[in-house]
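Chemist: I'm passing along model.txt; it holds compact mmCIF, C-alpha atoms.
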# COMPACT_ATOMS: atom_id res chain seq x y z
CA MET A 23 -96.81 38.60 74.13
CA ASP A 24 -93.90 37.00 72.30
CA ASN A 25 -92.72 33.53 73.08
CA PRO A 26 -89.34 33.79 74.94
CA HIS A 27 -88.38 30.34 73.74
CA ALA A 28 -88.85 31.38 70.11
CA GLU A 29 -86.81 34.55 70.69
CA ARG A 30 -84.00 32.51 72.22
CA GLN A 31 -84.10 30.13 69.24
CA ASN A 32 -83.95 33.05 66.82
CA VAL A 33 -80.93 34.49 68.60
CA LEU A 34 -79.19 31.11 68.51
CA LEU A 35 -80.04 30.59 64.84
CA ASP A 36 -78.66 34.04 64.00
CA ARG A 37 -75.42 33.19 65.81
CA ILE A 38 -75.20 29.86 63.97
CA LEU A 39 -75.75 31.57 60.62
CA LYS A 40 -73.09 34.19 61.35
CA ASN A 41 -70.59 31.53 62.42
CA THR A 42 -71.26 29.37 59.37
CA SER A 43 -70.88 32.42 57.12
CA LYS A 44 -67.51 33.21 58.71
CA CYS A 45 -66.49 29.56 58.38
CA THR A 46 -67.48 29.54 54.70
CA GLU A 47 -65.50 32.72 54.06
CA SER A 48 -62.46 31.21 55.78
CA ILE A 49 -62.72 28.03 53.72
CA LEU A 50 -63.01 30.03 50.49
CA GLU A 51 -59.93 32.05 51.44
CA LEU A 52 -58.07 28.85 52.30
CA ASN A 53 -59.00 27.35 48.92
CA HIS A 54 -57.75 30.48 47.18
CA CYS A 55 -54.46 30.35 49.07
CA LEU A 56 -54.05 26.66 48.25
CA GLU A 57 -54.63 27.34 44.55
CA GLU A 58 -51.96 30.05 44.62
CA LEU A 59 -49.59 27.71 46.41
CA LEU A 60 -50.16 24.92 43.88
CA GLN A 61 -49.53 27.32 41.00
CA ALA A 62 -46.35 28.60 42.65
CA ASN A 63 -45.09 25.05 43.22
CA ALA A 64 -45.83 23.79 39.71
CA ALA A 65 -42.27 24.53 38.55
CA VAL A 66 -40.82 22.85 41.63
CA LYS A 67 -42.89 19.73 40.98
CA THR A 68 -41.72 19.61 37.36
CA ALA A 69 -38.08 19.95 38.45
CA SER A 70 -38.60 17.25 41.07
CA ASP A 71 -40.14 14.88 38.52
CA LEU A 72 -37.26 15.47 36.13
CA SER A 73 -34.73 14.88 38.91
CA ILE A 74 -36.39 11.61 39.92
CA LYS A 75 -36.46 10.38 36.31
CA TYR A 76 -32.81 11.37 35.86
CA ARG A 77 -31.81 9.50 39.03
CA LYS A 78 -33.66 6.38 37.89
CA ASN A 79 -31.98 6.56 34.49
CA VAL A 80 -28.56 6.94 36.11
CA GLN A 81 -29.20 3.96 38.38
CA TYR A 82 -30.34 1.87 35.42
CA ASN A 83 -27.29 2.85 33.35
CA LEU A 84 -24.92 2.18 36.24
CA ALA A 85 -26.48 -1.24 36.77
CA ALA A 86 -26.23 -1.98 33.06
CA THR A 87 -22.62 -0.81 32.96
CA ARG A 88 -21.68 -2.91 35.99
CA GLY A 89 -23.29 -5.91 34.33
CA ASN A 90 -21.25 -5.32 31.17
CA VAL A 91 -18.02 -4.86 33.11
CA GLU A 92 -18.56 -8.10 35.05
CA GLY A 93 -19.45 -9.91 31.81
CA ASP A 94 -16.30 -8.54 30.10
CA ASP A 95 -14.12 -9.70 33.02
CA ALA A 96 -15.54 -13.19 32.72
CA THR A 97 -14.64 -13.44 29.04
CA ILE A 98 -11.08 -12.17 29.57
CA THR A 99 -10.08 -14.97 31.98
Turn the structure described in the file into structure tokens.

Modeler:
Amino acid sequence: MDNPHAERQNVLLDRILKNTSKCTESILELNHCLEELLQANAAVKTASDLSIKYRKNVQYNLAATRGNVEGDDATIT
């Protein structure tokens, strides 16, 4: 006669294995989708980086220009 406790454990272990397999498949699919998303957004990231650098350069040049204008006003008076 088989041990009912062992049968119950086997059933539970089978369920756990099936659930972990499904979970692993879902994680692999999620990783694949994330890779596709990162590849699709690569151009957007490059454009964003360029825009940020351009804005910083504009701010620097405006600050430098304002400094020169204030310095020129001081020498005129």

Chemist: So how many Å separate atom CA of Ser43 of chain A and atom CA of Ala62 of chain A, to one decimal?

Modeler: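 Between atom CA of Ser43 of chain A and atom CA of Ala62 of chain A the gap is 28.7 Å.
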
Chemist: What does the distance from atom CA of Ala69 of chain A to atom CA of Leu50 of chain A come to in Å, to one decimal?

Modeler: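 According to the coordinates, atom CA of Ala69 of chain A and atom CA of Leu50 of chain A are separated by 29.5 Å.
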
Chemist: Atom CA of Ser70 of chain A and atom CA of Ala86 of chain A, how far apart in Å?

Modeler: 24.2 Å
